[in-house]
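Asks: One structure is given below, represented as structure tokens, and several questions about it will come after.
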Amino acid sequence: MHQVTKLHYHRQSKILEVHFADGLCASFSPEFLRVLSPSAEVRGHGKPRLVSHKKQVAISQILPVGLYAAKIVFDDGHNSGIYSWPYLRELHQNRETLWQDYLDRLAAANSNREASLNIRQL
């Protein structure tokens, strides 16, 4: 049920499509995946770390991890999250609650999603 058959990252729209074997197609923004990374850096040891200023983050690489997960490398240098197929399914199923919780934690910390520095490439 949780087996992923295809991952497709649309670089222009910055959307990752995840196709599951049962026909479900889930779409994720890089920001959503980055701030909810399953890595120890984000998850912490019992207390999740609030990750902010990631609205503009992009995915630079997706690497297979066996037949059960993918390692997503972000353009901010974060590369330690292993996204298992069940975790991606869980993110999809709970997306609204998880996102609202994230926004509430940002507000409580007086932080935001915007990049902390405005960098323009020429």
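Naming works like this for the structure tokens: A, B, ... for the chains as they're shown, residue 1 at the start of each chain, ligands 1 onward in shown order.
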Show which residues sit within 12 Å of A:Tyr102, as JSON, numbers by chain. Count only C-alpha atoms, and ignore same-chain residues fewer than 3 positions away.

Replies: {"A": [31, 32, 33, 34, 35, 36, 48, 49, 50, 51, 52, 95, 96, 97, 98, 99, 105, 106, 107, 108, 109, 111, 112, 113]}

Asks: Could you turn the residues from that selection into a file that holds C-alpha atoms, as a PDB file, in the first residue's frame?

Replies:
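What ended up in again.pdb:
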```
ATOM      1  CA  GLU A  31       9.368  23.866   2.083  1.00  0.00           C
ATOM      2  CA  PHE A  32       6.851  21.407   3.563  1.00  0.00           C
ATOM      3  CA  LEU A  33       9.277  18.498   3.187  1.00  0.00           C
ATOM      4  CA  ARG A  34      12.204  20.519   4.531  1.00  0.00           C
ATOM      5  CA  VAL A  35      10.495  21.787   7.687  1.00  0.00           C
ATOM      6  CA  LEU A  36       9.079  18.308   8.391  1.00  0.00           C
ATOM      7  CA  PRO A  48      11.457  18.825  17.401  1.00  0.00           C
ATOM      8  CA  ARG A  49      13.522  21.800  16.281  1.00  0.00           C
ATOM      9  CA  LEU A  50      11.601  24.613  14.606  1.00  0.00           C
ATOM     10  CA  VAL A  51      12.963  25.224  11.098  1.00  0.00           C
ATOM     11  CA  SER A  52      12.117  28.646   9.704  1.00  0.00           C
ATOM     12  CA  ARG A  95      -0.757  17.538   5.628  1.00  0.00           C
ATOM     13  CA  GLU A  96      -3.300  20.143   6.796  1.00  0.00           C
ATOM     14  CA  THR A  97      -2.834  19.428  10.502  1.00  0.00           C
ATOM     15  CA  LEU A  98       0.953  19.263  10.211  1.00  0.00           C
ATOM     16  CA  TRP A  99       1.109  22.510   8.231  1.00  0.00           C
ATOM     17  CA  ARG A 105       4.795  27.118  16.128  1.00  0.00           C
ATOM     18  CA  LEU A 106       6.318  29.772  13.834  1.00  0.00           C
ATOM     19  CA  ALA A 107       3.915  32.399  15.161  1.00  0.00           C
ATOM     20  CA  ALA A 108       4.582  31.386  18.780  1.00  0.00           C
ATOM     21  CA  ALA A 109       8.327  31.743  18.144  1.00  0.00           C
ATOM     22  CA  SER A 111       9.430  33.719  13.323  1.00  0.00           C
ATOM     23  CA  ASN A 112       8.348  33.346   9.701  1.00  0.00           C
ATOM     24  CA  ARG A 113       8.721  31.439   6.451  1.00  0.00           C
TER      25      ARG A 113
END
```

Asks: Let's see if you can do this: from backbone DSSP, list all strand (DSSP E) residues in stretch 57-100 of chain A, as a ChimeraX atom specification.

Replies: /A:59-65,69-74,82-84

Asks: Could you turn the residues from that selection into a file that holds N, CA and C atoms, as an mmCIF file, in the first residue's frame?

Replies:
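Result file is selection-v2.cif:
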```cif
data_model
loop_
_atom_site.group_PDB
_atom_site.id
_atom_site.type_symbol
_atom_site.label_atom_id
_atom_site.label_comp_id
_atom_site.auth_asym_id
_atom_site.auth_seq_id
_atom_site.Cartn_x
_atom_site.Cartn_y
_atom_site.Cartn_z
ATOM 1 N N ILE A 59 14.518 21.610 -4.026
ATOM 2 C CA ILE A 59 15.149 20.287 -3.995
ATOM 3 C C ILE A 59 16.219 20.264 -5.069
ATOM 4 N N SER A 60 17.426 19.891 -4.684
ATOM 5 C CA SER A 60 18.502 19.834 -5.670
ATOM 6 C C SER A 60 18.794 18.410 -6.133
ATOM 7 N N GLN A 61 18.412 17.424 -5.321
ATOM 8 C CA GLN A 61 18.691 16.032 -5.700
ATOM 9 C C GLN A 61 17.790 15.086 -4.912
ATOM 10 N N ILE A 62 17.413 13.980 -5.559
ATOM 11 C CA ILE A 62 16.657 12.916 -4.909
ATOM 12 C C ILE A 62 17.405 11.619 -5.161
ATOM 13 N N LEU A 63 17.763 10.948 -4.083
ATOM 14 C CA LEU A 63 18.545 9.715 -4.190
ATOM 15 C C LEU A 63 17.756 8.542 -3.624
ATOM 16 N N PRO A 64 17.725 7.407 -4.326
ATOM 17 C CA PRO A 64 17.020 6.237 -3.793
ATOM 18 C C PRO A 64 17.753 5.663 -2.583
ATOM 19 N N VAL A 65 16.986 5.152 -1.637
ATOM 20 C CA VAL A 65 17.532 4.447 -0.478
ATOM 21 C C VAL A 65 16.839 3.083 -0.474
ATOM 22 N N ALA A 69 12.694 4.025 0.496
ATOM 23 C CA ALA A 69 12.789 5.438 0.868
ATOM 24 C C ALA A 69 13.590 6.219 -0.169
ATOM 25 N N ALA A 70 13.614 7.538 0.049
ATOM 26 C CA ALA A 70 14.428 8.434 -0.771
ATOM 27 C C ALA A 70 15.114 9.439 0.149
ATOM 28 N N LYS A 71 16.314 9.781 -0.221
ATOM 29 C CA LYS A 71 17.052 10.834 0.479
ATOM 30 C C LYS A 71 16.877 12.097 -0.358
ATOM 31 N N ILE A 72 16.350 13.144 0.252
ATOM 32 C CA ILE A 72 16.121 14.393 -0.463
ATOM 33 C C ILE A 72 17.181 15.395 -0.040
ATOM 34 N N VAL A 73 17.862 15.946 -1.031
ATOM 35 C CA VAL A 73 18.897 16.953 -0.803
ATOM 36 C C VAL A 73 18.305 18.306 -1.192
ATOM 37 N N PHE A 74 18.368 19.256 -0.260
ATOM 38 C CA PHE A 74 17.810 20.586 -0.482
ATOM 39 C C PHE A 74 18.917 21.578 -0.813
ATOM 40 N N ILE A 82 15.895 10.922 5.550
ATOM 41 C CA ILE A 82 15.519 9.753 4.754
ATOM 42 C C ILE A 82 13.996 9.653 4.815
ATOM 43 N N TYR A 83 13.344 9.887 3.684
ATOM 44 C CA TYR A 83 11.888 9.913 3.600
ATOM 45 C C TYR A 83 11.388 8.533 3.176
ATOM 46 N N SER A 84 10.946 7.748 4.156
ATOM 47 C CA SER A 84 10.426 6.410 3.853
ATOM 48 C C SER A 84 9.074 6.551 3.166
#
```

Asks: Between atom CA of A:Ile15 and atom CA of A:Pro30, what is the distance, to one decimal in Å?

Replies: 6.8 Å

Asks: For A:Phe20, work out the shell of residues within 9 Å, counting only C-alpha atoms and skipping chain neighbours fewer than 3 positions away, then give it as a PyMOL selection string.

Replies: chain A and resi 1-6+23-26+85+89

Asks: Kindly indicate which residue among A:Ala115, A:Val57, A:Leu91, A:Val42 lies nearest to A:Val18, using only C-alpha atoms for the distances.

Replies: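 Distance minimum relative to A:Val18 lands on A:Leu91.
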
Asks: Step one, run DSSP on the backbone; step two, keep only residues of chain A assigned to alpha helix (DSSP H); then write them as number ranges by chain.

Replies: A: 30-35, 40-43, 85-93, 95-108

Asks: Go ahead and compute the interatomic distance for atom CA of A:Asp75 and atom CA of A:Ala58, in Å to one decimal.

Replies: 5.5 Å

Asks: Could you state the separation of atom CA of A:Asp76 and atom CA of A:Lys54 in Å, given to one decimal place?

Replies: 8.6 Å

Asks: Using only C-alpha atoms for the distances, tell me which of A:Ser39, A:Asp101, A:Ser29, A:Leu67 is nearest to A:His10.

Replies: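 Once distances to A:His10 are computed over only C-alpha atoms, the minimum belongs to A:Ser29.
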